[in-house]
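The structure file target.cif is reproduced below (mmCIF, C-alpha atoms and all ligand atoms).
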data_protein
loop_
_atom_site.label_atom_id
_atom_site.label_comp_id
_atom_site.auth_asym_id
_atom_site.auth_seq_id
_atom_site.Cartn_x
_atom_site.Cartn_y
_atom_site.Cartn_z
CA MET A 1 -2.30 -16.27 24.58
CA LYS A 2 -2.75 -15.60 20.88
CA ASN A 3 0.44 -15.65 18.81
CA TYR A 4 0.99 -14.25 15.32
CA ASN A 5 3.81 -15.61 13.25
CA ILE A 6 5.10 -12.92 10.91
CA ALA A 7 7.39 -13.28 7.89
CA VAL A 8 9.66 -10.22 7.88
CA VAL A 9 11.06 -9.22 4.48
CA PRO A 10 13.06 -5.98 4.84
CA GLY A 11 14.09 -6.02 1.15
CA ASP A 12 16.61 -3.44 -0.02
CA GLY A 13 17.82 0.08 0.74
CA ILE A 14 15.96 1.80 3.56
CA GLY A 15 13.83 -1.33 4.01
CA ASN A 16 16.72 -2.65 6.10
CA GLU A 17 16.46 0.39 8.37
CA ILE A 18 12.75 1.01 8.72
CA VAL A 19 11.49 -2.60 8.89
CA PRO A 20 13.50 -3.49 12.04
CA GLU A 21 12.28 -0.25 13.67
CA GLY A 22 8.68 -1.03 12.74
CA TYR A 23 9.11 -4.52 14.09
CA ARG A 24 10.36 -3.10 17.41
CA VAL A 25 7.12 -1.16 17.67
CA LEU A 26 5.16 -4.36 16.95
CA GLU A 27 6.92 -6.26 19.70
CA ALA A 28 6.35 -3.42 22.15
CA VAL A 29 2.65 -3.09 21.37
CA ALA A 30 2.16 -6.86 21.67
CA LYS A 31 3.52 -6.68 25.23
CA LYS A 32 0.83 -4.15 26.11
CA HIS A 33 -2.00 -6.21 24.66
CA ASP A 34 -2.85 -9.86 25.03
CA PHE A 35 -0.87 -11.42 22.23
CA THR A 36 2.64 -12.37 21.21
CA ILE A 37 4.55 -11.98 17.95
CA THR A 38 7.05 -14.44 16.56
CA SER A 39 8.87 -13.96 13.29
CA GLU A 40 11.40 -15.15 10.80
CA THR A 41 13.37 -12.71 8.66
CA PHE A 42 14.02 -13.40 4.98
CA GLU A 43 16.78 -11.43 3.26
CA TRP A 44 15.11 -11.47 -0.14
CA GLY A 45 15.09 -8.79 -2.82
CA ALA A 46 17.52 -7.20 -5.25
CA GLY A 47 20.50 -7.77 -2.91
CA TYR A 48 19.59 -11.46 -2.77
CA TYR A 49 19.32 -11.45 -6.57
CA LEU A 50 22.88 -10.15 -6.94
CA LYS A 51 24.12 -13.17 -4.98
CA ASN A 52 21.64 -15.86 -6.02
CA GLY A 53 20.20 -14.81 -9.39
CA GLN A 54 16.63 -14.58 -8.11
CA PHE A 55 14.64 -12.31 -5.80
CA LEU A 56 13.40 -15.14 -3.63
CA PRO A 57 14.16 -18.84 -3.64
CA ASN A 58 12.02 -21.32 -5.58
CA ASP A 59 10.15 -22.35 -2.46
CA GLY A 60 9.83 -18.73 -1.25
CA LEU A 61 6.08 -18.38 -1.83
CA GLU A 62 5.46 -21.78 -0.27
CA THR A 63 7.47 -20.66 2.77
CA LEU A 64 5.48 -17.41 3.12
CA LYS A 65 2.19 -19.35 3.06
CA GLY A 66 2.99 -20.72 6.50
CA PHE A 67 2.86 -17.26 8.12
CA ASP A 68 -0.04 -15.17 9.40
CA ALA A 69 1.20 -12.09 7.52
CA VAL A 70 4.20 -10.64 5.71
CA TYR A 71 5.80 -7.45 7.02
CA PHE A 72 7.66 -6.01 4.05
CA GLY A 73 9.89 -3.00 3.29
CA SER A 74 10.55 -2.61 -0.43
CA VAL A 75 12.75 -4.05 -3.15
CA GLY A 76 15.02 -2.55 -5.80
CA LEU A 77 18.66 -1.46 -6.10
CA PRO A 78 20.39 0.77 -8.66
CA ALA A 79 22.70 -2.16 -9.57
CA VAL A 80 19.80 -4.41 -10.58
CA ASP A 81 17.57 -4.22 -13.67
CA ASP A 82 14.56 -2.27 -12.37
CA THR A 83 12.05 -4.25 -14.44
CA LEU A 84 12.64 -7.16 -12.05
CA PRO A 85 11.60 -6.08 -8.50
CA ALA A 86 7.88 -5.86 -9.26
CA LYS A 87 7.79 -8.87 -11.58
CA ASP A 88 9.88 -11.15 -9.40
CA TYR A 89 8.80 -10.13 -5.94
CA THR A 90 6.05 -7.57 -5.33
CA PHE A 91 3.52 -8.54 -8.03
CA LYS A 92 4.46 -12.17 -7.62
CA VAL A 93 3.40 -12.16 -3.97
CA ARG A 94 0.37 -9.91 -4.56
CA THR A 95 -1.06 -12.03 -7.37
CA SER A 96 -0.05 -15.47 -6.08
CA PHE A 97 -1.69 -14.71 -2.73
CA ASN A 98 -4.80 -13.10 -4.23
CA GLN A 99 -4.04 -9.83 -2.44
CA TYR A 100 -6.44 -8.04 -4.73
CA VAL A 101 -6.95 -5.04 -2.46
CA ASN A 102 -4.19 -2.53 -1.97
CA TYR A 103 -5.39 -0.53 1.03
CA ARG A 104 -3.62 2.84 1.18
CA PRO A 105 -4.92 5.38 3.66
CA VAL A 106 -4.17 9.10 3.47
CA ARG A 107 -4.68 11.41 6.43
CA THR A 108 -3.60 14.51 8.25
CA TYR A 109 -0.68 13.93 10.63
CA PRO A 110 -0.75 16.30 13.61
CA GLY A 111 2.34 18.48 13.83
CA VAL A 112 3.42 17.80 10.25
CA THR A 113 3.55 20.67 7.77
CA ARG A 114 2.10 19.65 4.46
CA PRO A 115 2.43 21.33 1.10
CA LEU A 116 -1.28 22.10 0.68
CA ARG A 117 -2.88 25.50 1.18
CA THR A 118 -6.04 23.99 2.61
CA GLU A 119 -6.17 23.57 6.39
CA LYS A 120 -9.05 21.12 6.14
CA HIS A 121 -8.78 17.69 7.72
CA ILE A 122 -7.89 14.91 5.27
CA ASP A 123 -8.93 11.30 5.88
CA PHE A 124 -9.51 8.95 2.98
CA VAL A 125 -8.47 5.51 1.78
CA ILE A 126 -7.24 4.64 -1.68
CA VAL A 127 -8.47 1.16 -2.59
CA ARG A 128 -6.21 0.18 -5.44
CA GLU A 129 -7.05 -2.90 -7.52
CA ASN A 130 -3.90 -4.91 -6.97
CA THR A 131 -3.78 -7.93 -9.27
CA GLU A 132 -4.82 -6.88 -12.77
CA GLY A 133 -5.35 -3.71 -14.81
CA GLU A 134 -2.33 -2.11 -16.44
CA PHE A 135 0.24 -4.12 -14.46
CA VAL A 136 -0.42 -7.68 -15.65
CA GLN A 137 2.79 -7.60 -17.69
CA MET A 138 1.19 -9.11 -20.77
CA GLY A 139 2.87 -7.66 -23.79
CA GLY A 140 6.10 -7.67 -25.65
CA GLN A 141 8.66 -5.84 -27.69
CA TYR A 142 9.03 -6.22 -31.42
CA LEU A 143 12.35 -5.40 -33.10
CA PRO A 144 13.39 -3.12 -30.23
CA ASP A 145 16.74 -2.26 -31.84
CA GLU A 146 15.24 -1.25 -35.17
CA PRO A 147 13.83 2.12 -36.28
CA ASN A 148 10.40 0.46 -36.54
CA GLY A 149 10.67 -1.16 -33.11
CA MET A 150 7.64 -1.28 -30.83
CA GLY A 151 6.50 -2.24 -27.35
CA THR A 152 3.09 -3.13 -25.92
CA ASP A 153 1.53 -3.76 -22.52
CA THR A 154 -2.05 -4.96 -22.42
CA SER A 155 -4.42 -3.92 -19.63
CA VAL A 156 -6.69 -6.63 -18.30
CA PHE A 157 -9.95 -5.88 -16.50
CA THR A 158 -12.14 -8.87 -15.66
CA ARG A 159 -15.65 -8.84 -14.26
CA LYS A 160 -14.51 -10.97 -11.33
CA GLY A 161 -11.52 -8.72 -10.64
CA ILE A 162 -13.58 -5.51 -10.73
CA GLU A 163 -16.49 -6.88 -8.73
CA ARG A 164 -14.43 -8.15 -5.83
CA VAL A 165 -12.45 -4.96 -5.30
CA ALA A 166 -15.58 -2.85 -5.78
CA HIS A 167 -17.46 -4.84 -3.11
CA TYR A 168 -14.52 -4.32 -0.78
CA ALA A 169 -14.59 -0.55 -1.41
CA PHE A 170 -18.35 -0.19 -0.84
CA GLN A 171 -18.21 -2.30 2.31
CA LEU A 172 -15.32 -0.22 3.58
CA ALA A 173 -17.30 2.95 2.88
CA ARG A 174 -20.11 1.58 5.07
CA LYS A 175 -17.71 1.64 8.02
CA ARG A 176 -16.54 5.16 7.14
CA ARG A 177 -18.27 8.28 5.75
CA LYS A 178 -20.30 6.32 3.19
CA LYS A 179 -18.87 7.65 -0.03
CA VAL A 180 -17.01 5.91 -2.87
CA THR A 181 -15.32 7.90 -5.62
CA HIS A 182 -14.28 5.64 -8.43
CA ILE A 183 -11.46 6.85 -10.63
CA THR A 184 -11.52 6.15 -14.34
CA LYS A 185 -10.51 7.38 -17.77
CA SER A 186 -13.31 5.80 -19.77
CA ASN A 187 -13.60 8.83 -22.00
CA THR A 188 -10.41 7.68 -23.72
CA LEU A 189 -9.88 4.05 -22.62
CA ILE A 190 -13.24 3.24 -24.10
CA ASN A 191 -13.03 -0.54 -23.74
CA SER A 192 -11.15 -1.47 -20.57
CA LEU A 193 -12.20 1.43 -18.37
CA ALA A 194 -15.69 1.71 -19.79
CA TYR A 195 -16.11 -1.88 -18.64
CA TRP A 196 -14.59 -0.96 -15.27
CA ASP A 197 -17.21 1.80 -14.92
CA ARG A 198 -20.04 -0.48 -15.95
CA VAL A 199 -19.22 -3.24 -13.47
CA ILE A 200 -18.61 -0.75 -10.63
CA LYS A 201 -21.99 0.87 -11.34
CA GLU A 202 -23.65 -2.54 -11.14
CA VAL A 203 -21.99 -3.19 -7.79
CA ALA A 204 -22.90 0.33 -6.58
CA GLU A 205 -26.58 -0.45 -7.10
CA GLN A 206 -26.29 -3.08 -4.38
CA TYR A 207 -25.20 -0.35 -1.92
CA PRO A 208 -27.97 2.26 -2.09
CA ASP A 209 -26.83 3.65 1.28
CA ILE A 210 -23.43 4.61 -0.15
CA GLU A 211 -22.91 7.76 -2.20
CA HIS A 212 -21.15 6.85 -5.43
CA GLU A 213 -19.32 9.28 -7.64
CA GLN A 214 -17.19 8.79 -10.76
CA MET A 215 -14.17 10.97 -11.46
CA TYR A 216 -11.57 11.02 -14.22
CA ILE A 217 -7.96 10.41 -13.22
CA ASP A 218 -6.77 13.76 -14.57
CA ASN A 219 -9.35 15.69 -12.57
CA SER A 220 -8.74 13.53 -9.50
CA THR A 221 -5.04 14.47 -9.38
CA ALA A 222 -6.13 18.11 -9.26
CA MET A 223 -8.77 17.38 -6.59
CA PHE A 224 -6.22 15.55 -4.41
CA VAL A 225 -4.35 18.85 -4.22
CA LEU A 226 -7.20 21.36 -4.27
CA LYS A 227 -10.01 19.62 -2.34
CA PRO A 228 -8.66 16.44 -0.70
CA GLU A 229 -11.32 16.67 2.00
CA ILE A 230 -14.04 15.54 -0.45
CA PHE A 231 -12.69 11.97 -0.61
CA ASP A 232 -13.65 9.05 1.62
CA VAL A 233 -13.00 5.80 -0.28
CA VAL A 234 -11.16 6.19 -3.60
CA LEU A 235 -11.61 3.09 -5.75
CA THR A 236 -9.04 2.95 -8.50
CA THR A 237 -7.06 0.79 -10.91
CA ASN A 238 -3.61 -0.64 -10.35
CA LEU A 239 -1.64 2.02 -12.26
CA PHE A 240 -3.79 4.99 -11.25
CA GLY A 241 -3.68 3.79 -7.63
CA ASP A 242 0.10 3.52 -7.76
CA ILE A 243 0.39 7.12 -8.92
CA LEU A 244 -2.36 8.52 -6.71
CA SER A 245 -0.89 6.93 -3.60
CA ASP A 246 2.43 8.75 -4.05
CA LEU A 247 0.40 11.93 -4.48
CA GLY A 248 -1.44 10.92 -1.31
CA GLY A 249 1.92 10.60 0.47
CA ALA A 250 3.00 13.99 -0.83
CA ILE A 251 -0.13 15.76 0.39
CA MET A 252 0.38 14.21 3.84
CA GLY A 253 3.84 15.81 3.84
CA SER A 254 6.17 13.00 2.68
CA LEU A 255 6.21 9.68 0.87
CA GLY A 256 7.65 8.25 4.08
CA LEU A 257 4.34 8.81 5.87
CA GLY A 258 2.24 6.34 3.87
CA GLY A 259 1.44 2.86 5.14
CA SER A 260 -0.42 0.15 3.25
CA GLY A 261 -1.71 -3.37 3.14
CA ASN A 262 -1.87 -5.80 0.23
CA ILE A 263 -4.94 -7.60 1.43
CA ASN A 264 -6.48 -10.95 0.67
CA PRO A 265 -9.86 -10.22 2.29
CA GLU A 266 -10.90 -13.89 2.34
CA LYS A 267 -7.75 -14.75 4.34
CA GLU A 268 -6.98 -17.76 2.12
CA TYR A 269 -3.39 -16.49 2.04
CA PRO A 270 -1.27 -14.21 4.20
CA SER A 271 -1.60 -10.50 3.43
CA MET A 272 1.47 -8.27 3.04
CA PHE A 273 2.03 -4.91 4.71
CA GLU A 274 4.50 -2.32 3.41
CA PRO A 275 5.03 1.43 3.15
CA ILE A 276 3.84 3.04 -0.09
CA HIS A 277 7.30 4.10 -1.20
CA GLY A 278 10.31 2.25 -2.60
CA SER A 279 13.77 1.41 -1.30
CA ALA A 280 15.03 5.03 -1.54
CA PRO A 281 18.66 4.13 -2.36
CA ASP A 282 19.49 7.86 -2.45
CA ILE A 283 19.16 8.12 1.34
CA ALA A 284 19.79 4.52 2.45
CA GLY A 285 22.39 3.66 5.07
CA ASN A 286 22.20 6.88 7.09
CA ASN A 287 19.48 6.14 9.66
CA ILE A 288 17.53 9.14 8.34
CA ALA A 289 14.64 7.45 6.52
CA ASN A 290 11.18 8.26 7.79
CA PRO A 291 9.71 5.10 9.34
CA TYR A 292 6.19 6.41 10.13
CA GLY A 293 4.69 4.73 7.03
CA GLN A 294 6.36 1.45 7.92
CA ILE A 295 5.06 1.73 11.50
CA TRP A 296 1.59 2.60 10.22
CA SER A 297 1.78 -0.54 8.05
CA ALA A 298 2.29 -2.54 11.26
CA ALA A 299 -0.93 -1.02 12.61
CA ILE A 300 -2.79 -1.92 9.41
CA MET A 301 -1.44 -5.46 9.75
CA LEU A 302 -2.66 -5.74 13.35
CA GLU A 303 -6.06 -4.45 12.33
CA HIS A 304 -6.23 -7.10 9.61
CA LEU A 305 -5.27 -9.75 12.17
CA GLY A 306 -8.10 -8.59 14.43
CA GLU A 307 -5.99 -6.69 16.98
CA THR A 308 -7.87 -3.42 16.58
CA GLU A 309 -6.99 -2.01 20.00
CA ALA A 310 -3.29 -2.56 19.48
CA ALA A 311 -3.57 -1.00 16.02
CA GLN A 312 -5.27 2.08 17.48
CA ASN A 313 -2.63 2.19 20.21
CA ILE A 314 0.09 2.48 17.53
CA MET A 315 -1.82 5.20 15.67
CA ASP A 316 -2.29 7.22 18.85
CA ALA A 317 1.41 6.84 19.67
CA ILE A 318 2.34 7.98 16.15
CA ASP A 319 0.15 11.08 16.52
CA LYS A 320 1.65 11.86 19.89
CA SER A 321 5.17 11.53 18.50
CA THR A 322 4.59 13.83 15.53
CA THR A 323 2.81 16.30 17.81
CA GLN A 324 5.90 16.29 20.06
CA GLY A 325 7.97 17.23 17.00
CA VAL A 326 9.71 13.88 16.50
CA LEU A 327 10.19 14.48 12.78
CA THR A 328 12.74 13.12 10.32
CA VAL A 329 14.71 15.23 7.82
CA ASP A 330 12.10 14.86 5.06
CA LEU A 331 9.59 16.50 7.44
CA GLY A 332 11.96 19.34 8.31
CA GLY A 333 13.14 17.77 11.57
CA SER A 334 16.35 16.12 12.72
CA ALA A 335 15.10 12.88 14.30
CA LYS A 336 16.83 9.70 13.18
CA THR A 337 14.92 6.64 12.03
CA SER A 338 15.54 4.93 15.36
CA ASP A 339 14.55 8.06 17.35
CA VAL A 340 11.10 7.86 15.79
CA ALA A 341 10.62 4.22 16.80
CA ASP A 342 11.89 5.04 20.31
CA ALA A 343 9.35 7.86 20.59
CA VAL A 344 6.46 5.76 19.28
CA ILE A 345 7.31 2.94 21.70
CA LYS A 346 7.51 5.40 24.59
CA ASN A 347 4.15 6.86 23.61
CA LEU A 348 2.33 3.51 23.32
P1 LIG B 401 11.25 5.78 -3.72
O1 LIG B 401 9.87 5.77 -3.15
O2 LIG B 401 12.18 4.75 -3.22
O3 LIG B 401 11.91 7.21 -3.47
C1 LIG B 401 11.38 8.41 -4.01
C2 LIG B 401 11.90 9.61 -3.21
O4 LIG B 401 11.26 9.64 -1.93
C3 LIG B 401 13.38 9.54 -2.95
O5 LIG B 401 13.94 10.83 -2.99
C4 LIG B 401 13.47 8.99 -1.53
O6 LIG B 401 14.62 9.37 -0.83
C5 LIG B 401 12.21 9.55 -0.89
N1 LIG B 401 11.68 8.64 0.14
C6 LIG B 401 11.03 7.47 -0.07
N2 LIG B 401 10.74 6.88 1.08
C7 LIG B 401 11.21 7.69 2.06
C8 LIG B 401 11.23 7.62 3.48
N3 LIG B 401 10.69 6.58 4.15
N4 LIG B 401 11.80 8.62 4.17
C9 LIG B 401 12.33 9.66 3.53
N5 LIG B 401 12.36 9.80 2.19
C10 LIG B 401 11.80 8.82 1.46
O7 LIG B 401 11.04 5.66 -5.29
P2 LIG B 401 12.11 5.55 -6.50
O8 LIG B 401 13.29 6.38 -6.22
O9 LIG B 401 11.30 5.79 -7.69
O10 LIG B 401 12.53 4.00 -6.53
C11 LIG B 401 13.65 3.49 -5.84
C12 LIG B 401 13.62 1.96 -5.95
O11 LIG B 401 12.51 1.43 -5.22
C13 LIG B 401 13.47 1.44 -7.38
O12 LIG B 401 14.31 0.32 -7.52
C14 LIG B 401 12.02 1.03 -7.47
O13 LIG B 401 11.77 0.02 -8.41
C15 LIG B 401 11.78 0.53 -6.05
N6 LIG B 401 10.37 0.55 -5.63
C16 LIG B 401 9.93 -0.55 -4.95
C17 LIG B 401 8.65 -0.59 -4.46
C18 LIG B 401 8.21 -1.80 -3.71
O14 LIG B 401 9.00 -2.66 -3.38
N7 LIG B 401 6.93 -1.93 -3.37
C19 LIG B 401 7.73 0.53 -4.67
C20 LIG B 401 8.30 1.65 -5.37
C21 LIG B 401 9.58 1.65 -5.83
MG MG B 402 4.35 2.94 -6.11
#
Show me this structure written as structure tokens.
Ligand code: NAI
Ligand code: MG
Amino acid sequence: MKNYNIAVVPGDGIGNEIVPEGYRVLEAVAKKHDFTITSETFEWGAGYYLKNGQFLPNDGLETLKGFDAVYFGSVGLPAVDDTLPAKDYTFKVRTSFNQYVNYRPVRTYPGVTRPLRTEKHIDFVIVRENTEGEFVQMGGQYLPDEPNGMGTDTSVFTRKGIERVAHYAFQLARKRRKKVTHITKSNTLINSLAYWDRVIKEVAEQYPDIEHEQMYIDNSTAMFVLKPEIFDVVLTTNLFGDILSDLGGAIMGSLGLGGSGNINPEKEYPSMFEPIHGSAPDIAGNNIANPYGQIWSAAIMLEHLGETEAAQNIMDAIDKSTTQGVLTVDLGGSAKTSDVADAVIKNL
């Protein structure tokens, strides 16, 4: 029987509540299909930093390399400098493991009230470039305490980096409704994003069967709200994708509904699966966090590992649970975090 060895990194805040529940769903779905799951849990993150002075140990990345995938919650605590979680954990894993695709689907959940006026069905995927762009953390501060102080962050867009994520997006569109909308702001970022446009257009020419459209980020935020049904694959930069995916969560009905994968398509390294949101310290510790996005992330992980039937099984069980009204507080319900996992497992 096939076994998958998963590194489990709950992280901080609600990560410690939703990751174990998501893992319960994983174990249950494995029992119904022909594979097994083994795992090791690593208590890394901002809490680990408070005790050990780092987010993960020196050999942490080396340790993760031995696993088939990483099942992650999120990192960050109010007591810890918030410039560190991304730099010392999230981006570190994403870039070290060449997880250059951040796959973030957005869809209609049955039985969930969403804030949009439109009743139309929503089903698209944000493909966020995940290793370069605005988040490379190249920059500095000059005389920050002085009246003439300044700070810079440089955006980096390389041909290689754009081409690979663009190919991923167009190939994904081939399996879907055959449309890629690439998000840009090249009318003002006339060097970096004009280059982004140029390289994406070159890639698009290799996919004549795929409709390709370009949209500015400002307009796209409006379209997410007014006409979300027009999107199929949304190809976007690291920063724009970060922002758009929270908007994607909001139009589904809650940030807690969004699942994602940080994917290394070549499978040279493990990929990492996490909900789109953060550690939500404002609600942590009460068993009220919405775990649907974390559970969805487990399905995305199984799909990546080749267990498509099990992944679909989870998605169907999620839909059944929301249809039955198993909704957490953020969705206007009263279900606890663990009630949701119980319902999903029952509905598998
Ligand atoms: P957040 O996403 O943690 O929370 C934003 C709001 O959404 C909060 O009101 C929270 O209660 C709510 N929320 C988020 N997830 C929810 C869920 N599953 N169920 C119900 N409500 C939910 O973002 P925020 O507050 O900006 O950041 C908190 C911490 O998380 C910071 O330290 C930040 O750096 C970190 N963070 C970490 C990420 C990661 O590890 N990938 C991603 C984003 C933020
Ligand atoms: Mg984010």
Mind running chain A against ligand MG 402 (chain B) at 7 Å and telling me each contacting residue's nearest atom pair with the distance in Å (one decimal), counting only C-alpha atoms and all ligand atoms, chain and number ascending, as JSON lines?
{"residue": "A:Asp242", "atom": "CA", "partner": "B:MG402", "partner_atom": "MG", "distance": 4.6}
{"residue": "A:Ile243", "atom": "CA", "partner": "B:MG402", "partner_atom": "MG", "distance": 6.4}
{"residue": "A:Asp246", "atom": "CA", "partner": "B:MG402", "partner_atom": "MG", "distance": 6.5}
{"residue": "A:Ile276", "atom": "CA", "partner": "B:MG402", "partner_atom": "MG", "distance": 6.0}
{"residue": "A:His277", "atom": "CA", "partner": "B:MG402", "partner_atom": "MG", "distance": 5.8}
{"residue": "A:Gly278", "atom": "CA", "partner": "B:MG402", "partner_atom": "MG", "distance": 7.0}
Report task. Return the single residue from A:Tyr216, A:Glu274, A:Tyr168, A:Glu27 that is closest to Ser186 of chain A, with distances computed using all atoms listed in the file. Result ->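 The shortest atom-to-atom distance to Ser186 of chain A comes from A:Tyr216.
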Requested in this report: Name the closest residue to ligand LIG 401 (chain B) among the candidates A:Val75, A:Val125, A:Leu64, A:Ile217; distances are taken between atoms, counting all atoms listed in the file.
Outcome: A:Val75
Query raised in the report: Within 9 Å of (-19.2, 3.1, 3.5), in the coordinates the file gives, what residues turn up when you count only C-alpha atoms, written out as a PyMOL selection string?
Result: chain A and resi 169-180+207+209-211+232-233
Residues of chain A at most 8 Å from ligand LIG 401 (chain B): nearest atom pair and distance in Å, all atoms listed in the file, as JSON lines:
{"residue": "A:Gly11", "atom": "CA", "partner": "B:LIG401", "partner_atom": "O14", "distance": 7.6}
{"residue": "A:Ile14", "atom": "CA", "partner": "B:LIG401", "partner_atom": "N3", "distance": 7.1}
{"residue": "A:Ile18", "atom": "CA", "partner": "B:LIG401", "partner_atom": "N3", "distance": 7.5}
{"residue": "A:Gly73", "atom": "CA", "partner": "B:LIG401", "partner_atom": "O14", "distance": 6.7}
{"residue": "A:Ser74", "atom": "CA", "partner": "B:LIG401", "partner_atom": "O14", "distance": 3.3}
{"residue": "A:Val75", "atom": "CA", "partner": "B:LIG401", "partner_atom": "O14", "distance": 4.0}
{"residue": "A:Gly76", "atom": "CA", "partner": "B:LIG401", "partner_atom": "O12", "distance": 3.4}
{"residue": "A:Leu77", "atom": "CA", "partner": "B:LIG401", "partner_atom": "O12", "distance": 4.9}
{"residue": "A:Pro78", "atom": "CA", "partner": "B:LIG401", "partner_atom": "O12", "distance": 6.2}
{"residue": "A:Val80", "atom": "CA", "partner": "B:LIG401", "partner_atom": "O12", "distance": 7.9}
{"residue": "A:Asp82", "atom": "CA", "partner": "B:LIG401", "partner_atom": "O13", "distance": 5.4}
{"residue": "A:Thr83", "atom": "CA", "partner": "B:LIG401", "partner_atom": "O13", "distance": 7.4}
{"residue": "A:Pro85", "atom": "CA", "partner": "B:LIG401", "partner_atom": "O13", "distance": 6.1}
{"residue": "A:Ala86", "atom": "CA", "partner": "B:LIG401", "partner_atom": "O14", "distance": 6.8}
{"residue": "A:Tyr89", "atom": "CA", "partner": "B:LIG401", "partner_atom": "O14", "distance": 7.9}
{"residue": "A:Thr90", "atom": "CA", "partner": "B:LIG401", "partner_atom": "N7", "distance": 6.0}
{"residue": "A:Ser254", "atom": "CA", "partner": "B:LIG401", "partner_atom": "N5", "distance": 7.0}
{"residue": "A:Leu255", "atom": "CA", "partner": "B:LIG401", "partner_atom": "N2", "distance": 5.3}
{"residue": "A:Gly256", "atom": "CA", "partner": "B:LIG401", "partner_atom": "N3", "distance": 3.5}
{"residue": "A:Leu257", "atom": "CA", "partner": "B:LIG401", "partner_atom": "N3", "distance": 6.9}
{"residue": "A:Glu274", "atom": "CA", "partner": "B:LIG401", "partner_atom": "N7", "distance": 7.2}
{"residue": "A:Pro275", "atom": "CA", "partner": "B:LIG401", "partner_atom": "N7", "distance": 7.6}
{"residue": "A:Ile276", "atom": "CA", "partner": "B:LIG401", "partner_atom": "C19", "distance": 6.5}
{"residue": "A:His277", "atom": "CA", "partner": "B:LIG401", "partner_atom": "O1", "distance": 3.6}
{"residue": "A:Gly278", "atom": "CA", "partner": "B:LIG401", "partner_atom": "O2", "distance": 3.2}
{"residue": "A:Ser279", "atom": "CA", "partner": "B:LIG401", "partner_atom": "O11", "distance": 4.1}
{"residue": "A:Ala280", "atom": "CA", "partner": "B:LIG401", "partner_atom": "O2", "distance": 3.3}
{"residue": "A:Pro281", "atom": "CA", "partner": "B:LIG401", "partner_atom": "C11", "distance": 6.1}
{"residue": "A:Asp282", "atom": "CA", "partner": "B:LIG401", "partner_atom": "O6", "distance": 5.3}
{"residue": "A:Ile283", "atom": "CA", "partner": "B:LIG401", "partner_atom": "O6", "distance": 5.2}
{"residue": "A:Ala284", "atom": "CA", "partner": "B:LIG401", "partner_atom": "O6", "distance": 7.8}
{"residue": "A:Ile288", "atom": "CA", "partner": "B:LIG401", "partner_atom": "C9", "distance": 7.1}
{"residue": "A:Ala289", "atom": "CA", "partner": "B:LIG401", "partner_atom": "N4", "distance": 3.9}
{"residue": "A:Asn290", "atom": "CA", "partner": "B:LIG401", "partner_atom": "N4", "distance": 3.7}
{"residue": "A:Pro291", "atom": "CA", "partner": "B:LIG401", "partner_atom": "N3", "distance": 5.5}
{"residue": "A:Tyr292", "atom": "CA", "partner": "B:LIG401", "partner_atom": "N3", "distance": 7.5}
{"residue": "A:Gly293", "atom": "CA", "partner": "B:LIG401", "partner_atom": "N3", "distance": 6.9}
{"residue": "A:Gln294", "atom": "CA", "partner": "B:LIG401", "partner_atom": "N3", "distance": 7.7}
{"residue": "A:Thr328", "atom": "CA", "partner": "B:LIG401", "partner_atom": "C9", "distance": 7.6}
{"residue": "A:Val329", "atom": "CA", "partner": "B:LIG401", "partner_atom": "C9", "distance": 7.4}
{"residue": "A:Asp330", "atom": "CA", "partner": "B:LIG401", "partner_atom": "C9", "distance": 5.4}
Query raised in the report: So how many Å separate atom CA of Asp68 of chain A and atom CA of Gly306 of chain A, to one decimal?
Result: 11.6 Å
